[in-house]
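What follows is target_11.csv (CSV, N, CA and C atoms).
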chain,number,residue,atom,x,y,z
H,420,MET,N,-7.7,-2.4,8.6
H,420,MET,CA,-6.5,-1.7,8.2
H,420,MET,C,-5.3,-2.0,9.1
H,421,SER,N,-4.2,-2.4,8.5
H,421,SER,CA,-3.0,-2.8,9.3
H,421,SER,C,-2.1,-1.6,9.3
H,422,ILE,N,-1.8,-1.1,10.5
H,422,ILE,CA,-0.8,0.0,10.7
H,422,ILE,C,0.4,-0.5,11.5
H,423,TYR,N,1.5,-0.1,11.0
H,423,TYR,CA,2.7,-0.4,11.8
H,423,TYR,C,3.6,0.8,11.8
H,424,TYR,N,4.5,0.8,12.8
H,424,TYR,CA,5.4,2.0,13.1
H,424,TYR,C,6.8,1.6,13.0
H,425,GLU,N,7.6,2.6,12.6
H,425,GLU,CA,9.1,2.6,12.6
H,425,GLU,C,9.5,3.7,13.6
H,426,TYR,N,10.5,3.4,14.4
H,426,TYR,CA,11.0,4.4,15.4
H,426,TYR,C,12.5,4.6,15.1
H,427,ASP,N,12.9,5.8,15.1
H,427,ASP,CA,14.4,6.1,14.9
H,427,ASP,C,15.0,6.0,16.3
H,428,PHE,N,15.7,4.8,16.5
H,428,PHE,CA,16.3,4.6,17.8
H,428,PHE,C,17.6,5.4,18.0
H,429,ARG,N,18.2,5.9,16.9
H,429,ARG,CA,19.4,6.7,17.0
H,429,ARG,C,19.0,8.1,17.6
H,430,THR,N,18.1,8.8,16.9
H,430,THR,CA,17.7,10.2,17.4
H,430,THR,C,16.7,10.2,18.5
H,431,GLU,N,15.8,9.1,18.5
H,431,GLU,CA,14.8,9.0,19.5
H,431,GLU,C,13.8,10.2,19.4
H,432,ASP,N,13.6,10.8,18.2
H,432,ASP,CA,12.6,11.8,18.1
H,432,ASP,C,11.8,11.8,16.8
H,433,VAL,N,11.8,10.6,16.2
H,433,VAL,CA,11.0,10.4,14.9
H,433,VAL,C,10.2,9.1,15.0
H,434,LEU,N,8.9,9.2,14.6
H,434,LEU,CA,8.1,8.0,14.4
H,434,LEU,C,7.6,8.1,13.0
H,435,ILE,N,7.5,6.9,12.3
H,435,ILE,CA,6.9,6.8,11.0
H,435,ILE,C,5.8,5.8,11.1
H,436,ARG,N,4.7,6.2,10.5
H,436,ARG,CA,3.5,5.4,10.6
H,436,ARG,C,3.1,5.0,9.2
H,437,GLN,N,2.9,3.7,9.0
H,437,GLN,CA,2.6,3.2,7.6
H,437,GLN,C,1.4,2.3,7.7
H,438,GLY,N,0.6,2.3,6.7
H,438,GLY,CA,-0.6,1.5,6.7
H,438,GLY,C,-1.1,1.5,5.2
H,439,ASP,N,-2.4,1.6,5.1
H,439,ASP,CA,-3.0,1.6,3.7
H,439,ASP,C,-2.8,2.9,3.0
H,440,ASN,N,-2.6,4.0,3.7
H,440,ASN,CA,-2.4,5.2,3.0
H,440,ASN,C,-0.9,5.6,2.9
H,441,ALA,N,-0.6,6.7,2.5
H,441,ALA,CA,0.8,7.2,2.3
H,441,ALA,C,1.5,7.2,3.7
H,442,PRO,N,2.8,6.8,3.8
H,442,PRO,CA,3.5,6.9,5.1
H,442,PRO,C,3.5,8.3,5.6
H,443,GLU,N,3.4,8.3,7.0
H,443,GLU,CA,3.4,9.6,7.6
H,443,GLU,C,4.5,9.7,8.6
H,444,ILE,N,5.0,10.9,8.9
H,444,ILE,CA,6.1,11.1,9.9
H,444,ILE,C,5.7,12.0,10.9
H,445,LEU,N,6.2,11.8,12.1
H,445,LEU,CA,6.0,12.7,13.3
H,445,LEU,C,7.3,12.9,14.0
H,446,HIS,N,7.8,14.2,14.0
H,446,HIS,CA,8.9,14.5,14.8
H,446,HIS,C,8.5,14.9,16.2
H,447,LYS,N,9.2,14.6,17.2
H,447,LYS,CA,8.9,15.0,18.6
H,447,LYS,C,8.7,16.5,18.6
H,448,GLY,N,7.6,16.9,19.1
H,448,GLY,CA,7.3,18.4,19.2
H,448,GLY,C,6.4,18.9,18.0
H,449,ASP,N,6.2,18.1,17.0
H,449,ASP,CA,5.4,18.5,15.9
H,449,ASP,C,3.9,18.5,16.3
H,450,GLN,N,3.1,19.3,15.7
H,450,GLN,CA,1.7,19.4,16.0
H,450,GLN,C,0.9,18.3,15.5
H,451,GLN,N,1.3,17.7,14.3
H,451,GLN,CA,0.5,16.7,13.7
H,451,GLN,C,1.4,15.8,12.8
H,452,TRP,N,0.9,14.7,12.4
H,452,TRP,CA,1.6,13.8,11.4
H,452,TRP,C,1.6,14.5,10.1
H,453,ALA,N,2.7,14.3,9.3
H,453,ALA,CA,2.9,14.8,8.0
H,453,ALA,C,3.1,13.7,7.0
H,454,ILE,N,2.6,13.8,5.8
H,454,ILE,CA,2.9,12.8,4.7
H,454,ILE,C,4.4,12.8,4.5
H,455,LEU,N,4.9,11.6,4.5
H,455,LEU,CA,6.4,11.4,4.2
H,455,LEU,C,6.5,11.2,2.7
H,456,ALA,N,6.9,12.3,2.0
H,456,ALA,CA,6.9,12.3,0.5
H,456,ALA,C,8.2,13.0,0.1
H,457,PRO,N,8.9,12.4,-0.9
H,457,PRO,CA,10.1,13.0,-1.4
H,457,PRO,C,9.9,14.4,-2.0
H,458,ARG,N,10.7,15.4,-1.6
H,458,ARG,CA,10.7,16.7,-2.1
H,458,ARG,C,12.1,17.3,-2.1
H,459,SER,N,12.4,18.2,-2.9
H,459,SER,CA,13.8,18.8,-2.9
H,459,SER,C,13.9,19.6,-1.6
H,460,ASP,N,15.1,19.7,-1.1
H,460,ASP,CA,15.4,20.4,0.1
H,460,ASP,C,14.5,20.0,1.3
H,461,TYR,N,14.3,18.7,1.4
H,461,TYR,CA,13.4,18.2,2.4
H,461,TYR,C,14.2,17.6,3.6
H,462,LYS,N,13.9,18.0,4.8
H,462,LYS,CA,14.6,17.6,6.0
H,462,LYS,C,14.5,16.1,6.2
H,463,ASP,N,13.5,15.5,5.7
H,463,ASP,CA,13.3,14.1,5.9
H,463,ASP,C,13.7,13.2,4.8
H,464,GLU,N,14.6,13.7,4.0
H,464,GLU,CA,15.0,12.9,2.8
H,464,GLU,C,15.5,11.5,3.2
H,465,LYS,N,16.3,11.4,4.3
H,465,LYS,CA,16.9,10.1,4.7
H,465,LYS,C,15.8,9.2,5.1
H,466,TYR,N,14.7,9.7,5.6
H,466,TYR,CA,13.6,8.8,6.0
H,466,TYR,C,12.8,8.3,4.7
H,467,CYS,N,12.7,9.3,3.8
H,467,CYS,CA,12.0,8.9,2.5
H,467,CYS,C,12.8,7.8,1.8
H,468,ARG,N,14.2,8.0,1.8
H,468,ARG,CA,15.0,7.0,1.1
H,468,ARG,C,14.9,5.6,1.8
H,469,ALA,N,14.8,5.7,3.1
H,469,ALA,CA,14.7,4.4,3.9
H,469,ALA,C,13.3,3.7,3.6
H,470,VAL,N,12.2,4.5,3.7
H,470,VAL,CA,10.9,3.9,3.5
H,470,VAL,C,10.7,3.4,2.0
H,471,TYR,N,11.0,4.3,1.1
H,471,TYR,CA,10.7,4.0,-0.3
H,471,TYR,C,11.8,3.2,-1.0
H,472,LEU,N,13.0,3.3,-0.6
H,472,LEU,CA,14.1,2.7,-1.3
H,472,LEU,C,14.9,1.6,-0.5
H,473,GLY,N,14.7,1.6,0.8
H,473,GLY,CA,15.4,0.7,1.7
H,473,GLY,C,16.8,1.2,1.9
H,474,GLN,N,17.1,2.5,1.7
H,474,GLN,CA,18.4,3.1,1.8
H,474,GLN,C,18.3,4.1,2.9
H,475,GLY,N,19.2,5.1,2.9
H,475,GLY,CA,19.1,6.2,3.8
H,475,GLY,C,19.5,5.7,5.2
H,476,CYS,N,18.6,6.0,6.2
H,476,CYS,CA,18.9,5.7,7.6
H,476,CYS,C,18.1,4.4,8.0
H,477,TRP,N,17.9,3.5,7.1
H,477,TRP,CA,17.2,2.3,7.4
H,477,TRP,C,17.7,1.5,8.6
H,478,GLU,N,19.0,1.5,8.8
H,478,GLU,CA,19.6,0.8,9.9
H,478,GLU,C,19.3,1.5,11.3
H,479,ASP,N,18.8,2.7,11.3
H,479,ASP,CA,18.4,3.4,12.5
H,479,ASP,C,17.0,3.2,12.9
H,480,LEU,N,16.2,2.7,11.9
H,480,LEU,CA,14.8,2.5,12.2
H,480,LEU,C,14.5,1.1,12.7
H,481,ARG,N,13.6,1.0,13.6
H,481,ARG,CA,13.2,-0.3,14.1
H,481,ARG,C,11.7,-0.4,14.1
H,482,ARG,N,11.1,-1.5,13.7
H,482,ARG,CA,9.7,-1.7,13.7
H,482,ARG,C,9.2,-1.9,15.1
H,483,ILE,N,8.2,-1.2,15.5
H,483,ILE,CA,7.7,-1.3,16.9
H,483,ILE,C,6.2,-1.6,16.8
H,484,THR,N,5.6,-2.0,17.9
H,484,THR,CA,4.2,-2.3,17.9
H,484,THR,C,3.4,-1.0,18.1
H,485,GLU,N,2.1,-1.1,17.9
H,485,GLU,CA,1.2,0.1,18.2
H,485,GLU,C,1.3,0.5,19.6
H,486,GLU,N,1.3,-0.5,20.5
H,486,GLU,CA,1.4,-0.2,21.9
H,486,GLU,C,2.7,0.5,22.3
H,487,GLU,N,3.8,0.1,21.7
H,487,GLU,CA,5.1,0.8,21.9
H,487,GLU,C,5.0,2.2,21.4
H,488,ALA,N,4.4,2.4,20.2
H,488,ALA,CA,4.3,3.7,19.6
H,488,ALA,C,3.4,4.6,20.5
H,489,GLU,N,2.4,4.1,21.1
H,489,GLU,CA,1.5,4.8,22.0
H,489,GLU,C,2.3,5.3,23.2
H,490,GLU,N,3.2,4.4,23.7
H,490,GLU,CA,4.0,4.7,24.9
H,490,GLU,C,5.0,5.9,24.6
H,491,ILE,N,5.6,5.8,23.4
H,491,ILE,CA,6.5,6.9,23.0
H,491,ILE,C,5.7,8.2,22.8
H,492,LEU,N,4.6,8.1,22.2
H,492,LEU,CA,3.8,9.4,22.0
H,492,LEU,C,3.4,9.9,23.4
H,493,LYS,N,3.1,9.1,24.3
H,493,LYS,CA,2.7,9.5,25.7
H,493,LYS,C,3.9,10.2,26.3
H,494,ALA,N,5.1,9.6,26.2
H,494,ALA,CA,6.3,10.1,26.8
H,494,ALA,C,6.7,11.5,26.2
H,495,TRP,N,6.3,11.6,24.9
H,495,TRP,CA,6.6,12.9,24.2
H,495,TRP,C,5.6,14.0,24.6
H,496,GLY,N,4.5,13.6,25.3
H,496,GLY,CA,3.5,14.6,25.8
H,496,GLY,C,2.3,14.7,24.9
H,497,TYR,N,2.1,13.7,24.0
H,497,TYR,CA,0.9,13.7,23.2
H,497,TYR,C,-0.2,12.9,23.9
H,498,SER,N,-1.4,13.3,23.7
H,498,SER,CA,-2.5,12.6,24.3
H,498,SER,C,-3.5,12.2,23.3
H,499,ASP,N,-4.4,11.3,23.6
H,499,ASP,CA,-5.4,10.8,22.6
H,499,ASP,C,-6.3,12.0,22.1
Could the structure of this file be written out as structure tokens, please?
Amino acid sequence: MSIYYEYDFRTEDVLIRQGDNAPEILHKGDQQWAILAPRSDYKDEKYCRAVYLGQGCWEDLRRITEEEAEEILKAWGYSD
């Protein structure tokens, strides 16, 4: 299974994880990853638009390696 990550370099508080399953999002301070899915009145609409349509805040997202994602998670206080 191939997993890759997108990191919001503008806010520095959002990671998006994509692989074989539905994309997931994690905000710094969240307890767990959440499915990134379009919904009305959804705080992550810009990320949904970026991932699913290539619009929204796509210019703020950068693909990073799994190792870089692990370092970000560690800096945020998450452990294995």
Original post:
Please, what distance in Å, to one decimal, runs between atom CA of H:Ile483 and atom C of H:Tyr424?
Top reply: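 Interatomic distance here is 4.9 Å.
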**OP:** Measure the distance from atom C of H:Asp463 to atom N of H:Ile422 in Å and round it to one decimal.
**Re:**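 Between atom C of H:Asp463 and atom N of H:Ile422 the gap works out to 21.8 Å.
Residues lying within 8 Å of H:Ile435, counting only N, CA and C atoms and ignoring same-chain neighbours fewer than 3 positions away, are H:Tyr423, H:Tyr424, H:Glu425, H:Tyr426, H:Asp427, H:Asp432, H:Gly438, H:Pro442, H:Glu443, H:Ile444, H:Leu445, H:His446.
Closest approach to H:Tyr471 among H:Leu455, H:Val433, H:Tyr497, H:Glu486: H:Leu455, based on only C-alpha atoms.
Comparing H:Gln437, H:Thr430, H:Gln450, H:Ser498 by their smallest distance to H:Leu480, the closest is H:Thr430 (using only C-alpha atoms).
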**OP:** Just give me the gap between atom CA of H:Val470 and atom CA of H:Glu431 in Å, one decimal is fine.
**Re:** 17.2 Å
Please rebuild stretch 477-488 of chain H with all heavy atoms and give the result as a compact mmCIF listing (two decimals), in the coordinates of the input.
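Produced file part13.txt, reproduced below:
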# COMPACT_ATOMS: atom_id res chain seq x y z
N TRP H 477 17.90 3.50 7.10
CA TRP H 477 17.20 2.30 7.40
C TRP H 477 17.70 1.50 8.60
O TRP H 477 16.92 1.00 9.42
CB TRP H 477 17.13 1.36 6.17
CG TRP H 477 16.12 0.27 6.30
CD1 TRP H 477 16.36 -1.06 6.38
CD2 TRP H 477 14.69 0.40 6.37
NE1 TRP H 477 15.18 -1.76 6.50
CE2 TRP H 477 14.15 -0.88 6.50
CE3 TRP H 477 13.83 1.49 6.34
CZ2 TRP H 477 12.77 -1.10 6.60
CZ3 TRP H 477 12.46 1.26 6.45
CH2 TRP H 477 11.96 -0.03 6.57
N GLU H 478 19.00 1.50 8.80
CA GLU H 478 19.60 0.80 9.90
C GLU H 478 19.30 1.50 11.30
O GLU H 478 19.39 0.86 12.33
CB GLU H 478 21.11 0.70 9.79
CG GLU H 478 21.87 2.00 9.87
CD GLU H 478 21.90 2.79 8.56
OE1 GLU H 478 21.39 2.32 7.53
OE2 GLU H 478 22.44 3.90 8.57
N ASP H 479 18.80 2.70 11.30
CA ASP H 479 18.40 3.40 12.50
C ASP H 479 17.00 3.20 12.90
O ASP H 479 16.56 3.52 13.97
CB ASP H 479 18.63 4.95 12.32
CG ASP H 479 20.08 5.31 12.07
OD1 ASP H 479 20.97 4.51 12.41
OD2 ASP H 479 20.31 6.41 11.53
N LEU H 480 16.20 2.70 11.90
CA LEU H 480 14.80 2.50 12.20
C LEU H 480 14.50 1.10 12.70
O LEU H 480 15.04 0.10 12.15
CB LEU H 480 13.96 2.74 10.90
CG LEU H 480 14.05 4.15 10.35
CD1 LEU H 480 13.32 4.24 9.01
CD2 LEU H 480 13.50 5.16 11.33
N ARG H 481 13.60 1.00 13.60
CA ARG H 481 13.20 -0.30 14.10
C ARG H 481 11.70 -0.40 14.10
O ARG H 481 11.00 0.57 14.52
CB ARG H 481 13.63 -0.56 15.57
CG ARG H 481 15.12 -0.52 15.78
CD ARG H 481 15.82 -1.73 15.19
NE ARG H 481 17.24 -1.71 15.46
CZ ARG H 481 18.16 -1.19 14.68
NH1 ARG H 481 17.82 -0.63 13.55
NH2 ARG H 481 19.43 -1.21 15.00
N ARG H 482 11.10 -1.50 13.70
CA ARG H 482 9.70 -1.70 13.70
C ARG H 482 9.20 -1.90 15.10
O ARG H 482 9.84 -2.67 15.86
CB ARG H 482 9.23 -2.84 12.83
CG ARG H 482 7.71 -2.93 12.79
CD ARG H 482 7.20 -3.79 11.71
NE ARG H 482 7.51 -3.18 10.42
CZ ARG H 482 7.20 -3.71 9.26
NH1 ARG H 482 6.59 -4.87 9.23
NH2 ARG H 482 7.50 -3.10 8.15
N ILE H 483 8.20 -1.20 15.50
CA ILE H 483 7.70 -1.30 16.90
C ILE H 483 6.20 -1.60 16.80
O ILE H 483 5.53 -1.32 15.78
CB ILE H 483 7.96 -0.06 17.74
CG1 ILE H 483 7.33 1.20 17.13
CG2 ILE H 483 9.46 0.11 17.94
CD1 ILE H 483 7.43 2.42 18.02
N THR H 484 5.60 -2.00 17.90
CA THR H 484 4.20 -2.30 17.90
C THR H 484 3.40 -1.00 18.10
O THR H 484 3.96 0.03 18.53
CB THR H 484 3.83 -3.26 19.10
OG1 THR H 484 4.12 -2.58 20.34
CG2 THR H 484 4.60 -4.55 19.01
N GLU H 485 2.10 -1.10 17.90
CA GLU H 485 1.20 0.10 18.20
C GLU H 485 1.30 0.50 19.60
O GLU H 485 1.28 1.67 19.94
CB GLU H 485 -0.19 -0.24 17.72
CG GLU H 485 -1.10 0.96 17.80
CD GLU H 485 -2.47 0.70 17.19
OE1 GLU H 485 -2.69 -0.38 16.61
OE2 GLU H 485 -3.31 1.60 17.30
N GLU H 486 1.30 -0.50 20.50
CA GLU H 486 1.40 -0.20 21.90
C GLU H 486 2.70 0.50 22.30
O GLU H 486 2.69 1.50 23.07
CB GLU H 486 1.30 -1.48 22.76
CG GLU H 486 -0.06 -2.13 22.71
CD GLU H 486 -0.30 -2.93 21.41
OE1 GLU H 486 0.66 -3.28 20.70
OE2 GLU H 486 -1.48 -3.18 21.10
N GLU H 487 3.80 0.10 21.70
CA GLU H 487 5.10 0.80 21.90
C GLU H 487 5.00 2.20 21.40
O GLU H 487 5.53 3.17 22.01
CB GLU H 487 6.25 0.05 21.26
CG GLU H 487 6.56 -1.26 21.95
CD GLU H 487 7.54 -2.11 21.17
OE1 GLU H 487 7.36 -2.27 19.94
OE2 GLU H 487 8.49 -2.62 21.79
N ALA H 488 4.40 2.40 20.20
CA ALA H 488 4.30 3.70 19.60
C ALA H 488 3.40 4.60 20.50
O ALA H 488 3.77 5.80 20.75
CB ALA H 488 3.64 3.65 18.24
